[in-house]
Each structure stands twice: as structure tokens, then as C-alpha cells.
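What follows is one structure encoded as C-alpha cells, with my remarks underneath.
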Amino acid sequence: VKSIDVHTHPIFFGEGRSRREAASLVKRARSFGIERMVALGDVLVHGRLPTEPQVAAINDETAQLMRWHPEFFIGFGCLNPTLGERAVQHEVERVLALGFRGLKLELSNNARDACMAPVMRLADRHELVVLQHAWSQTVIRERRFHTDPADVAVLARRYPNVPIIMAHLTGCGVRGVLEVQHLRNVFVDTSGAAPEEGIVDYAVEKLGAERVLYGSDWPIRDFPVALARITGSDLSASARRRILHDNARHLLRLP
Ligand SMILES: [Zn+2]
């Protein structure tokens, strides 16, 4: 089965930087039918509040992967919105010039915070997809900087024209699906924690298959485990094809 993986960290705490490691990742992913991969960068290598040069260095490493394998990697730029509007604008313009298709928000701030305004205005203006870290805060309880699905919903209501991928379906859970159910600009990726029977089927029932996207969070979860969340479900062949491949192709406007 062909697929596009929308949530990966090809470089993770410094591992995966070399040309040889990148080539071996591409080869292994292809052996599972993964045709393309969204590379989110080594988002926490400098902690949750990277400086401007650290953010730029992370995104430059992603750009290097794209230069080595332009037909495979799709870059999303990581940002630290707490650095302020000028820094955010500078980095968004830089990653746009490097051919990135989206932005990744991690643990610098909560998605409700005012510092997200310039990020979302730029995403809207430049038609970038926003992938927002999310996890149920009834589990983690660090809401000051860990975004809850309810916070994703607030962000999505404020910026209805920006497509937002809420990360980690399994970490967001049933409540997370319900929080974003009626927000048409919110998609969810299937990564997060260990696979849980029924959760992908539940997301499809509430959101429709067109709003669920395959993501692994590699190397945190390996491809066979991540793919089996979908291939081991009771979903129809057409729903599986959308989740694994077609939705990402449309959202990222791939040929
Ligand atoms: Zn991730």
C-alpha cells in the first residue's frame, strides 16, 4: 500500500544527520510503501525554547535532507513563537524560500497564546499547513506549554482558513476528536503513544476519513507499528487509501 507519512523526525537528537543515514531511512521507508515523508526537524534538540540561531540550524538540517532527496522529503519549519513577531516572520520567509510546505509547533508555548498570531497570519498568507503538537492534558498536566486538543480548537476557531494538523490522535484520544469534530480546518495525524484498537475507526466516524492522516512520529514509533494502526483497522479500502495517502497529497498539494 502506498503511503505518505505526515509526522516524522528524520533527525532526532542529532541522529540521522548524515547523508548515509538519510539514504538508509529513505530506503527503509520505501520498503514499507512510504513514498514521501514530512520531515519536522529535530524539534527538541535544544530544549523547548530554542534561540533564533538554533531554530535556523534545525530548519537548515531539514533543508539539507530535502536537497539530498527532493522527491521524498517535504520540509516543515519549526518555530519558537515566543521569540516574537520579527523572528517568526524572518524564519517563515527563510523556510518558504527553502521550499518548505508547513510549520511545526512544539512545546515553546500553548496554541492559545497570543504569540501564535503572527505564525497563523503568515501561514494563512503563504498557504502553509500548521502541524501543532497536542496531547490530552488530563494525562500530561503541563498545559502552560503542552497544547491540549481544546487549545487546538481555540486556535482553529480563530484562524478558520489555516489547515491545522492536530498531532497524536492516540495521545488526544476520544475527547480530543470531539473537541475538533466541527472544525473543518482541523485534521488529525494517527501518531502518539502505543496503538489503541478502535481509535482510528472512531476518528473516521466523527471527522470523516478525509480529515485523518497517517503519521508515525518516527523514530519514536517504527513504520510497521504506525502503519498497522490503519491496515489493522476495520476501515474500508477507500478510507484506508485516503488516510495513508490521498489526504496528505491534497493537503500538501503534491503532484
Ligand atoms: Zn513528533
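Identifiers in this document derive from the order of the C-alpha cells: chains are assigned A, B, ..., residues are numbered from 1 separately in each chain, and ligands are numbered from 1 in order of occurrence.
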- Item | Residue contacts of Arg158 in chain A (10 Å, only C-alpha atoms) excluding same-chain residues fewer than 5 positions away, as a PyMOL selection string | chain A and resi 112+117+120+152-153
- Residues up to 12 Å from ligand 1, counting only C-alpha atoms and all ligand atoms: could you list those as a PyMOL selection string? chain A and resi 5-12+38-44+76+78+104-107+131-135+165-169+171+189-193+215-221
- Message: Which residues are close to Ala56 in chain A, i.e. within 9 Å by only C-alpha atoms, leaving aside same-chain residues fewer than 3 positions away? Reply as a list in words.
- Response: Thr51, Glu52, Pro53, Asn59, Asp60, Glu61, Gly77, Cys78, Leu79, Glu91, Arg94 and Val95 of chain A
- Two-atom distance - CA of Phe32 in chain A, CA of Leu227 in chain A (Å):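 Value for the CA of Phe32 in chain A-CA of Leu227 in chain A distance: 8.7 Å.
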- Note on the structure: Computed gap from CA of Gly47 in chain A to CA of Arg125 in chain A is 29.0 Å
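Remark: for Phe187 in chain A, the closest of the candidate residues A:Pro163, A:Gly84, A:Gly232, A:Gly173 is A:Pro163 (distances computed over only C-alpha atoms).
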